[in-house]
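Data first, discussion second: the structure below is written as C-alpha coordinates.
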Amino acid sequence: MPPPSVNSDSLLQHRSFVAFWIARASSSFGFQMLTIAVSWQIYSLTGRAFDLGLIGLVQFFPSVALALVAGHVADQFDRRRVVVLAQFIEGLAIFALAALTLTQHVNEIVVLGLLFVISVAKAMEGPSLLSMLPALVPPKILPRAMAANSVAGQAAGMVGPAIGGLLYIAGAQVVYAICGLLYFISVLMVSRLRYEQAPPRRVPATFKTLFAGISFIRNRPDVLGVISLDLFAVLLGGATALLPIFAHDILHTGPWGLGILRGAPAVGALLVGFWLSRRALSRNVGMIMFAAVAGFGVATIIFALSNMLWLSILALFALGGFDMISMVIRGSLVQLDTPDDMRGRVSAVNSIFINTSNQLGEFESGMLAAWLGAVPAAAVGGIGTLVVVALWMKMFPGLRRRQRLENDPPNTEIVA
(Lines give C-alpha, C1' and ligand atoms only; values in the text may rest on other atoms or scores of the structure.)
Protein backbone atom coordinates (compact mmCIF):
# COMPACT_ATOMS: atom_id res chain seq x y z
CA MET A 1 0.00 0.00 0.00
CA PRO A 2 1.15 3.63 -0.34
CA PRO A 3 3.41 4.81 2.47
CA PRO A 4 1.39 6.07 5.46
CA SER A 5 2.94 9.53 5.17
CA VAL A 6 1.48 10.05 1.71
CA ASN A 7 -1.89 11.68 2.37
CA SER A 8 -1.89 14.32 -0.33
CA ASP A 9 -4.93 14.68 -2.55
CA SER A 10 -2.63 15.50 -5.47
CA LEU A 11 -2.08 12.55 -7.76
CA LEU A 12 1.38 13.88 -8.63
CA GLN A 13 2.47 13.48 -5.00
CA HIS A 14 1.94 9.73 -5.24
CA ARG A 15 5.08 8.61 -7.02
CA SER A 16 3.94 5.04 -7.48
CA PHE A 17 0.80 6.26 -9.26
CA VAL A 18 2.90 8.51 -11.52
CA ALA A 19 5.11 5.54 -12.41
CA PHE A 20 2.00 3.41 -13.00
CA TRP A 21 0.51 6.13 -15.25
CA ILE A 22 3.70 6.36 -17.30
CA ALA A 23 3.74 2.58 -17.65
CA ARG A 24 0.08 2.52 -18.67
CA ALA A 25 0.55 5.31 -21.22
CA SER A 26 3.69 3.71 -22.68
CA SER A 27 2.15 0.25 -23.13
CA SER A 28 -1.13 1.73 -24.45
CA PHE A 29 0.64 3.85 -27.07
CA GLY A 30 2.80 0.88 -27.99
CA PHE A 31 -0.21 -1.40 -28.43
CA GLN A 32 -2.16 1.11 -30.53
CA MET A 33 0.84 1.60 -32.82
CA LEU A 34 1.31 -2.18 -32.97
CA THR A 35 -2.26 -2.81 -34.15
CA ILE A 36 -1.82 -0.37 -37.05
CA ALA A 37 1.49 -1.89 -38.12
CA VAL A 38 0.23 -5.48 -37.89
CA SER A 39 -2.94 -4.83 -39.87
CA TRP A 40 -1.15 -2.88 -42.59
CA GLN A 41 1.65 -5.43 -42.87
CA ILE A 42 -0.73 -8.39 -42.99
CA TYR A 43 -2.81 -6.80 -45.73
CA SER A 44 0.34 -5.85 -47.66
CA LEU A 45 1.55 -9.46 -47.46
CA THR A 46 -1.69 -11.20 -48.41
CA GLY A 47 -4.16 -8.68 -49.84
CA ARG A 48 -6.98 -10.71 -48.21
CA ALA A 49 -9.64 -9.13 -46.01
CA PHE A 50 -10.08 -12.53 -44.31
CA ASP A 51 -6.61 -12.21 -42.77
CA LEU A 52 -7.60 -8.88 -41.23
CA GLY A 53 -10.42 -10.74 -39.52
CA LEU A 54 -7.90 -13.26 -38.17
CA ILE A 55 -6.08 -10.40 -36.42
CA GLY A 56 -9.17 -9.76 -34.32
CA LEU A 57 -9.67 -13.47 -33.68
CA VAL A 58 -6.17 -14.15 -32.36
CA GLN A 59 -6.59 -11.22 -29.95
CA PHE A 60 -10.15 -11.94 -28.85
CA PHE A 61 -9.83 -15.67 -28.13
CA PRO A 62 -7.07 -15.46 -25.45
CA SER A 63 -8.73 -12.48 -23.74
CA VAL A 64 -11.87 -14.56 -23.07
CA ALA A 65 -10.41 -18.07 -22.75
CA LEU A 66 -7.72 -17.09 -20.23
CA ALA A 67 -9.60 -14.43 -18.24
CA LEU A 68 -10.58 -16.62 -15.27
CA VAL A 69 -7.13 -18.21 -15.09
CA ALA A 70 -5.51 -14.77 -15.21
CA GLY A 71 -7.81 -13.58 -12.42
CA HIS A 72 -6.79 -16.53 -10.24
CA VAL A 73 -3.10 -15.81 -10.92
CA ALA A 74 -3.60 -12.13 -10.00
CA ASP A 75 -4.99 -13.15 -6.59
CA GLN A 76 -2.39 -15.84 -5.91
CA PHE A 77 0.89 -14.19 -6.94
CA ASP A 78 2.64 -10.83 -6.74
CA ARG A 79 0.73 -8.73 -9.27
CA ARG A 80 3.69 -6.52 -10.02
CA ARG A 81 5.79 -9.53 -11.02
CA VAL A 82 2.95 -10.91 -13.15
CA VAL A 83 2.67 -7.61 -15.06
CA VAL A 84 6.45 -7.27 -15.46
CA LEU A 85 6.79 -10.83 -16.81
CA ALA A 86 3.82 -10.49 -19.17
CA GLN A 87 4.97 -7.15 -20.58
CA PHE A 88 8.53 -8.42 -20.91
CA ILE A 89 7.24 -11.31 -23.06
CA GLU A 90 5.14 -8.86 -25.11
CA GLY A 91 8.18 -6.63 -25.66
CA LEU A 92 10.33 -9.58 -26.75
CA ALA A 93 7.68 -10.74 -29.22
CA ILE A 94 7.41 -7.22 -30.68
CA PHE A 95 11.19 -6.97 -31.06
CA ALA A 96 11.06 -10.36 -32.79
CA LEU A 97 8.58 -8.87 -35.26
CA ALA A 98 11.00 -5.98 -35.85
CA ALA A 99 13.98 -8.29 -36.41
CA LEU A 100 12.13 -10.70 -38.71
CA THR A 101 10.69 -7.81 -40.74
CA LEU A 102 14.11 -6.18 -41.05
CA THR A 103 15.69 -9.43 -42.27
CA GLN A 104 12.71 -10.18 -44.55
CA HIS A 105 11.92 -13.49 -42.82
CA VAL A 106 8.33 -12.57 -42.13
CA ASN A 107 5.01 -13.89 -43.46
CA GLU A 108 1.40 -13.80 -42.30
CA ILE A 109 1.77 -16.98 -40.21
CA VAL A 110 4.75 -15.52 -38.35
CA VAL A 111 3.00 -12.20 -37.72
CA LEU A 112 -0.21 -13.84 -36.52
CA GLY A 113 1.74 -16.34 -34.39
CA LEU A 114 3.70 -13.63 -32.58
CA LEU A 115 0.53 -11.56 -32.23
CA PHE A 116 -1.08 -14.58 -30.56
CA VAL A 117 1.85 -14.77 -28.10
CA ILE A 118 1.39 -11.06 -27.35
CA SER A 119 -2.35 -11.56 -26.87
CA VAL A 120 -1.83 -14.46 -24.44
CA ALA A 121 0.60 -12.40 -22.38
CA LYS A 122 -1.74 -9.42 -22.48
CA ALA A 123 -4.65 -11.58 -21.30
CA MET A 124 -2.59 -12.82 -18.34
CA GLU A 125 -1.46 -9.26 -17.56
CA GLY A 126 -4.89 -7.61 -17.56
CA PRO A 127 -6.46 -8.56 -14.19
CA SER A 128 -3.18 -8.01 -12.32
CA LEU A 129 -2.70 -4.57 -13.88
CA LEU A 130 -6.27 -3.46 -13.15
CA SER A 131 -6.08 -4.74 -9.57
CA MET A 132 -2.93 -2.78 -8.72
CA LEU A 133 -4.34 0.73 -8.92
CA PRO A 134 -6.35 0.74 -5.63
CA ALA A 135 -3.13 -0.03 -3.73
CA LEU A 136 -1.31 2.99 -5.17
CA VAL A 137 -3.56 5.84 -3.96
CA PRO A 138 -5.90 6.46 -0.99
CA PRO A 139 -9.51 5.34 -1.61
CA LYS A 140 -10.85 8.91 -1.62
CA ILE A 141 -8.85 9.85 -4.73
CA LEU A 142 -9.17 6.49 -6.54
CA PRO A 143 -11.89 7.84 -8.91
CA ARG A 144 -9.56 10.67 -9.95
CA ALA A 145 -6.74 8.18 -10.43
CA MET A 146 -8.99 6.00 -12.60
CA ALA A 147 -10.01 9.04 -14.64
CA ALA A 148 -6.36 9.99 -15.17
CA ASN A 149 -5.62 6.39 -16.12
CA SER A 150 -8.47 6.45 -18.64
CA VAL A 151 -7.12 9.70 -20.10
CA ALA A 152 -3.88 7.87 -20.92
CA GLY A 153 -5.85 5.14 -22.70
CA GLN A 154 -8.02 7.60 -24.61
CA ALA A 155 -5.01 9.67 -25.69
CA ALA A 156 -3.27 6.51 -26.89
CA GLY A 157 -6.39 5.49 -28.82
CA MET A 158 -6.59 8.90 -30.51
CA VAL A 159 -2.93 9.60 -31.27
CA GLY A 160 -1.25 6.18 -31.25
CA PRO A 161 -2.66 4.92 -34.58
CA ALA A 162 -1.73 8.19 -36.32
CA ILE A 163 1.84 8.01 -34.99
CA GLY A 164 2.07 4.36 -36.01
CA GLY A 165 0.83 5.19 -39.49
CA LEU A 166 3.38 7.98 -39.94
CA LEU A 167 6.25 5.83 -38.66
CA TYR A 168 5.20 3.00 -40.98
CA ILE A 169 6.47 5.16 -43.87
CA ALA A 170 9.97 4.30 -42.64
CA GLY A 171 9.05 0.60 -42.50
CA ALA A 172 7.13 -1.78 -40.27
CA GLN A 173 10.34 -2.68 -38.45
CA VAL A 174 10.66 0.92 -37.22
CA VAL A 175 7.15 0.85 -35.75
CA TYR A 176 7.80 -2.51 -34.07
CA ALA A 177 11.13 -1.35 -32.62
CA ILE A 178 9.56 1.75 -31.08
CA CYS A 179 6.60 -0.29 -29.78
CA GLY A 180 9.02 -2.74 -28.15
CA LEU A 181 10.92 0.16 -26.58
CA LEU A 182 7.68 1.58 -25.15
CA TYR A 183 6.85 -1.81 -23.62
CA PHE A 184 10.26 -2.02 -21.95
CA ILE A 185 9.77 1.51 -20.55
CA SER A 186 6.53 0.19 -19.07
CA VAL A 187 8.35 -2.83 -17.60
CA LEU A 188 10.91 -0.50 -16.01
CA MET A 189 8.22 1.73 -14.49
CA VAL A 190 6.17 -1.17 -13.09
CA SER A 191 9.26 -2.80 -11.60
CA ARG A 192 9.98 0.44 -9.70
CA LEU A 193 6.52 0.74 -8.12
CA ARG A 194 6.34 0.88 -4.32
CA TYR A 195 3.59 -1.69 -4.36
CA GLU A 196 2.99 -4.08 -1.50
CA GLN A 197 0.43 -6.85 -1.83
CA ALA A 198 -0.54 -8.78 1.26
CA PRO A 199 0.82 -12.34 0.93
CA PRO A 200 -2.11 -14.33 -0.45
CA ARG A 201 -3.17 -17.67 0.94
CA ARG A 202 -2.12 -20.06 -1.81
CA VAL A 203 -4.90 -22.40 -2.91
CA PRO A 204 -4.96 -24.77 -5.88
CA ALA A 205 -6.77 -23.71 -9.02
CA THR A 206 -10.12 -25.47 -8.84
CA PHE A 207 -13.48 -24.72 -10.42
CA LYS A 208 -14.52 -23.17 -7.11
CA THR A 209 -11.56 -20.78 -6.93
CA LEU A 210 -11.63 -19.96 -10.65
CA PHE A 211 -15.33 -19.09 -10.50
CA ALA A 212 -15.11 -17.37 -7.11
CA GLY A 213 -15.30 -14.00 -8.85
CA ILE A 214 -18.71 -14.88 -10.27
CA SER A 215 -19.92 -16.02 -6.83
CA PHE A 216 -18.68 -12.80 -5.27
CA ILE A 217 -20.41 -10.61 -7.87
CA ARG A 218 -23.67 -12.54 -7.50
CA ASN A 219 -23.67 -11.89 -3.75
CA ARG A 220 -22.89 -8.17 -4.00
CA PRO A 221 -25.95 -6.37 -5.44
CA ASP A 222 -24.15 -3.11 -6.15
CA VAL A 223 -21.29 -4.82 -7.99
CA LEU A 224 -23.71 -7.04 -9.91
CA GLY A 225 -25.80 -4.01 -10.86
CA VAL A 226 -22.82 -2.03 -12.08
CA ILE A 227 -21.30 -4.83 -14.16
CA SER A 228 -24.61 -5.94 -15.68
CA LEU A 229 -25.57 -2.33 -16.46
CA ASP A 230 -22.31 -1.95 -18.34
CA LEU A 231 -22.92 -5.21 -20.20
CA PHE A 232 -26.40 -4.31 -21.48
CA ALA A 233 -25.65 -0.63 -22.12
CA VAL A 234 -22.69 -1.57 -24.34
CA LEU A 235 -24.69 -4.32 -26.04
CA LEU A 236 -27.45 -1.88 -26.99
CA GLY A 237 -25.36 1.23 -27.58
CA GLY A 238 -23.14 0.02 -30.42
CA ALA A 239 -24.07 2.75 -32.91
CA THR A 240 -20.43 3.60 -33.58
CA ALA A 241 -20.10 0.28 -35.45
CA LEU A 242 -22.43 1.80 -38.07
CA LEU A 243 -20.39 4.98 -38.62
CA PRO A 244 -19.35 4.16 -42.22
CA ILE A 245 -23.03 3.80 -43.20
CA PHE A 246 -24.01 7.06 -41.51
CA ALA A 247 -21.04 8.93 -43.00
CA HIS A 248 -21.64 7.75 -46.56
CA ASP A 249 -25.41 7.29 -46.90
CA ILE A 250 -26.94 9.70 -44.37
CA LEU A 251 -24.48 12.51 -43.73
CA HIS A 252 -23.06 12.37 -47.27
CA THR A 253 -19.46 12.93 -46.24
CA GLY A 254 -16.22 11.27 -47.22
CA PRO A 255 -13.38 9.55 -45.37
CA TRP A 256 -12.40 12.81 -43.66
CA GLY A 257 -15.89 13.08 -42.18
CA LEU A 258 -15.78 9.46 -41.06
CA GLY A 259 -12.47 10.13 -39.34
CA ILE A 260 -13.95 13.08 -37.44
CA LEU A 261 -17.01 11.07 -36.45
CA ARG A 262 -14.88 8.18 -35.24
CA GLY A 263 -12.66 10.48 -33.20
CA ALA A 264 -15.46 12.54 -31.61
CA PRO A 265 -16.31 10.07 -28.78
CA ALA A 266 -12.65 9.82 -27.82
CA VAL A 267 -12.30 13.61 -27.70
CA GLY A 268 -15.38 13.86 -25.46
CA ALA A 269 -14.09 11.11 -23.20
CA LEU A 270 -10.64 12.66 -23.05
CA LEU A 271 -11.88 16.11 -21.99
CA VAL A 272 -14.28 14.72 -19.39
CA GLY A 273 -11.51 12.43 -18.14
CA PHE A 274 -9.24 15.45 -17.58
CA TRP A 275 -12.05 17.13 -15.64
CA LEU A 276 -12.75 14.06 -13.50
CA SER A 277 -9.05 13.63 -12.72
CA ARG A 278 -9.16 17.01 -10.94
CA ARG A 279 -12.54 16.74 -9.22
CA ALA A 280 -13.80 14.28 -6.63
CA LEU A 281 -17.19 12.59 -6.97
CA SER A 282 -18.41 12.73 -3.37
CA ARG A 283 -22.24 12.71 -3.46
CA ASN A 284 -25.10 10.97 -5.30
CA VAL A 285 -22.70 8.76 -7.27
CA GLY A 286 -25.44 6.20 -7.98
CA MET A 287 -27.78 8.70 -9.59
CA ILE A 288 -24.89 10.39 -11.42
CA MET A 289 -23.95 7.03 -12.92
CA PHE A 290 -27.52 6.27 -14.01
CA ALA A 291 -27.87 9.81 -15.43
CA ALA A 292 -24.63 9.37 -17.39
CA VAL A 293 -25.78 6.07 -18.90
CA ALA A 294 -29.14 7.67 -19.75
CA GLY A 295 -27.24 10.57 -21.34
CA PHE A 296 -25.33 8.00 -23.39
CA GLY A 297 -28.66 6.62 -24.62
CA VAL A 298 -30.07 10.09 -25.46
CA ALA A 299 -26.88 11.01 -27.35
CA THR A 300 -27.21 7.77 -29.32
CA ILE A 301 -30.78 8.63 -30.29
CA ILE A 302 -29.80 12.16 -31.37
CA PHE A 303 -26.99 10.73 -33.47
CA ALA A 304 -29.36 8.21 -35.04
CA LEU A 305 -31.89 10.88 -36.04
CA SER A 306 -29.41 13.54 -37.16
CA ASN A 307 -28.81 14.27 -40.82
CA MET A 308 -26.40 17.15 -40.15
CA LEU A 309 -22.68 16.45 -39.75
CA TRP A 310 -22.10 19.03 -36.99
CA LEU A 311 -24.99 17.71 -34.89
CA SER A 312 -23.81 14.12 -35.32
CA ILE A 313 -20.30 15.12 -34.21
CA LEU A 314 -21.71 16.87 -31.12
CA ALA A 315 -23.86 13.84 -30.29
CA LEU A 316 -20.87 11.51 -30.50
CA PHE A 317 -18.78 13.96 -28.47
CA ALA A 318 -21.44 13.92 -25.73
CA LEU A 319 -21.72 10.13 -25.99
CA GLY A 320 -18.01 9.76 -25.24
CA GLY A 321 -18.19 12.19 -22.32
CA PHE A 322 -21.17 10.45 -20.71
CA ASP A 323 -19.49 7.09 -21.16
CA MET A 324 -16.36 8.34 -19.39
CA ILE A 325 -18.39 9.51 -16.36
CA SER A 326 -20.20 6.20 -15.99
CA MET A 327 -17.01 4.23 -16.65
CA VAL A 328 -15.07 6.01 -13.88
CA ILE A 329 -17.90 5.51 -11.37
CA ARG A 330 -18.45 1.88 -12.34
CA GLY A 331 -14.76 1.03 -12.23
CA SER A 332 -14.15 2.80 -8.91
CA LEU A 333 -17.22 1.26 -7.28
CA VAL A 334 -16.24 -2.27 -8.31
CA GLN A 335 -12.66 -1.84 -7.09
CA LEU A 336 -13.65 -0.27 -3.76
CA ASP A 337 -16.38 -2.83 -3.04
CA THR A 338 -14.02 -5.74 -3.72
CA PRO A 339 -11.46 -6.94 -1.15
CA ASP A 340 -7.88 -7.01 -2.38
CA ASP A 341 -7.67 -10.81 -2.40
CA MET A 342 -10.61 -10.97 -4.83
CA ARG A 343 -9.81 -8.05 -7.15
CA GLY A 344 -8.03 -10.15 -9.75
CA ARG A 345 -10.90 -12.62 -10.20
CA VAL A 346 -13.58 -9.92 -10.15
CA SER A 347 -11.60 -7.86 -12.70
CA ALA A 348 -11.33 -10.97 -14.86
CA VAL A 349 -15.10 -11.53 -14.87
CA ASN A 350 -15.65 -7.85 -15.60
CA SER A 351 -13.22 -7.99 -18.52
CA ILE A 352 -15.07 -10.99 -19.99
CA PHE A 353 -18.32 -9.02 -19.89
CA ILE A 354 -16.69 -5.93 -21.43
CA ASN A 355 -14.92 -7.82 -24.23
CA THR A 356 -17.98 -9.92 -25.02
CA SER A 357 -20.41 -7.00 -24.93
CA ASN A 358 -18.19 -4.91 -27.22
CA GLN A 359 -18.01 -7.68 -29.80
CA LEU A 360 -21.68 -8.67 -29.52
CA GLY A 361 -22.75 -5.02 -29.46
CA GLU A 362 -21.18 -4.46 -32.87
CA PHE A 363 -22.76 -7.68 -34.13
CA GLU A 364 -26.18 -6.66 -32.76
CA SER A 365 -25.95 -3.23 -34.40
CA GLY A 366 -24.92 -4.76 -37.72
CA MET A 367 -27.74 -7.33 -37.67
CA LEU A 368 -30.38 -4.74 -36.77
CA ALA A 369 -29.08 -2.41 -39.46
CA ALA A 370 -29.36 -5.21 -41.99
CA TRP A 371 -32.99 -5.88 -40.98
CA LEU A 372 -34.29 -2.41 -40.18
CA GLY A 373 -31.79 0.05 -41.63
CA ALA A 374 -29.03 2.01 -39.93
CA VAL A 375 -31.19 4.80 -38.47
CA PRO A 376 -33.79 2.54 -36.79
CA ALA A 377 -31.04 0.21 -35.54
CA ALA A 378 -29.13 3.03 -33.83
CA ALA A 379 -32.34 4.56 -32.44
CA VAL A 380 -33.48 1.21 -31.04
CA GLY A 381 -30.12 0.86 -29.32
CA GLY A 382 -30.45 4.27 -27.67
CA ILE A 383 -34.04 3.61 -26.58
CA GLY A 384 -33.03 0.19 -25.27
CA THR A 385 -30.30 1.84 -23.18
CA LEU A 386 -32.89 4.14 -21.57
CA VAL A 387 -35.13 1.15 -20.84
CA VAL A 388 -32.22 -0.70 -19.21
CA VAL A 389 -31.45 2.34 -17.04
CA ALA A 390 -35.07 2.51 -15.84
CA LEU A 391 -35.18 -1.23 -15.09
CA TRP A 392 -31.83 -1.24 -13.27
CA MET A 393 -32.83 1.74 -11.11
CA LYS A 394 -35.83 -0.30 -9.94
CA MET A 395 -33.99 -3.64 -9.63
CA PHE A 396 -30.99 -2.20 -7.75
CA PRO A 397 -32.41 0.43 -5.36
CA GLY A 398 -29.28 0.36 -3.20
CA LEU A 399 -27.21 1.33 -6.18
CA ARG A 400 -29.66 4.11 -7.06
CA ARG A 401 -29.46 5.52 -3.51
CA ARG A 402 -25.71 5.17 -3.20
CA GLN A 403 -24.10 8.42 -2.09
CA ARG A 404 -20.37 7.65 -2.00
CA LEU A 405 -18.06 5.36 -3.89
CA GLU A 406 -16.57 4.03 -0.67
CA ASN A 407 -18.82 1.52 1.06
CA ASP A 408 -18.72 -0.70 4.11
CA PRO A 409 -16.04 -3.39 3.86
CA PRO A 410 -17.48 -6.30 1.86
CA ASN A 411 -18.13 -9.66 3.42
CA THR A 412 -15.63 -12.19 2.03
CA GLU A 413 -16.97 -15.33 3.71
CA ILE A 414 -18.30 -16.61 0.40
CA VAL A 415 -14.77 -16.95 -0.95
CA ALA A 416 -13.34 -20.41 -0.54
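Ligands are numbered from 1 in the order shown, chains are lettered A, B, ... in the order of the C-alpha coordinates, and residues start at 1 in each chain.
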(request) For Ala162 (chain A), list every protein, DNA or RNA residue within 12 Å, evaluated using only C-alpha atoms, and leave out those in the same chain fewer than 3 positions away; present the list as JSON, numbers by chain. (result) {"A": [29, 30, 32, 33, 34, 35, 36, 37, 155, 156, 157, 158, 159, 165, 166, 167, 168, 169, 175, 259, 263]}
Which residues of region 190-301 of chain A have any atom within 9 Å of an atom in region 307-329 of chain A when counting only C-alpha atoms, and what is the closest pair of atoms for each, with the distance in Å to one decimal? Order the rows by chain and rising number and write it as a tab-separated table.
residue	atom	partner	partner_atom	distance
A:Asp230	CA	A:Met327	CA	8.3
A:Thr240	CA	A:Leu316	CA	8.5
A:Phe246	CA	A:Asn307	CA	8.7
A:Ala247	CA	A:Leu309	CA	8.4
A:Ile250	CA	A:Asn307	CA	6.1
A:Leu251	CA	A:Asn307	CA	5.5
A:His252	CA	A:Leu309	CA	8.6
A:Thr253	CA	A:Leu309	CA	8.1
A:Gly257	CA	A:Leu309	CA	8.0
A:Ile260	CA	A:Ile313	CA	7.4
A:Leu261	CA	A:Ile313	CA	5.7
A:Arg262	CA	A:Leu316	CA	8.3
A:Gly263	CA	A:Phe317	CA	8.5
A:Ala264	CA	A:Phe317	CA	4.8
A:Pro265	CA	A:Gly320	CA	3.9
A:Ala266	CA	A:Gly320	CA	5.9
A:Val267	CA	A:Phe317	CA	6.5
A:Gly268	CA	A:Gly321	CA	4.5
A:Ala269	CA	A:Gly321	CA	4.3
A:Leu270	CA	A:Gly321	CA	7.6
A:Leu271	CA	A:Gly321	CA	7.4
A:Val272	CA	A:Gly321	CA	5.5
A:Gly273	CA	A:Met324	CA	6.5
A:Leu276	CA	A:Ile325	CA	7.8
A:Leu281	CA	A:Ile329	CA	8.4
A:Val285	CA	A:Ile329	CA	7.1
A:Gly286	CA	A:Ile329	CA	8.3
A:Ile288	CA	A:Ser326	CA	7.8
A:Met289	CA	A:Ser326	CA	4.9
A:Phe290	CA	A:Ser326	CA	7.6
A:Ala291	CA	A:Ser326	CA	8.5
A:Ala292	CA	A:Phe322	CA	4.9
A:Val293	CA	A:Ser326	CA	6.3
A:Ala294	CA	A:Phe322	CA	8.5
A:Gly295	CA	A:Phe322	CA	6.1
A:Phe296	CA	A:Leu319	CA	4.9
A:Gly297	CA	A:Leu319	CA	7.9
A:Val298	CA	A:Leu319	CA	8.4
A:Ala299	CA	A:Ala315	CA	5.1
A:Thr300	CA	A:Leu319	CA	6.8
A:Ile301	CA	A:Ala315	CA	8.7
(request) Name the residues in contact with Phe232 (chain A) at a cut-off of 8 Å, using only C-alpha atoms, excluding same-chain residues fewer than 4 positions from it; report them as a list in words. (result) Ser228, Leu236, Ser357, Thr385 and Val388 of chain A
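Proximity of A:Leu181, A:Leu243, A:Met124, A:Ile163 to Ser63 (chain A), computed with only C-alpha atoms, is greatest for A:Met124.
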(message) Can you measure CA of Phe184 (chain A) to CA of Phe95 (chain A) for me? One decimal in Å is fine.
(response) 10.4 Å
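For the pair CA of Val137 (chain A) and CA of Gly225 (chain A), the interatomic distance is 25.3 Å.
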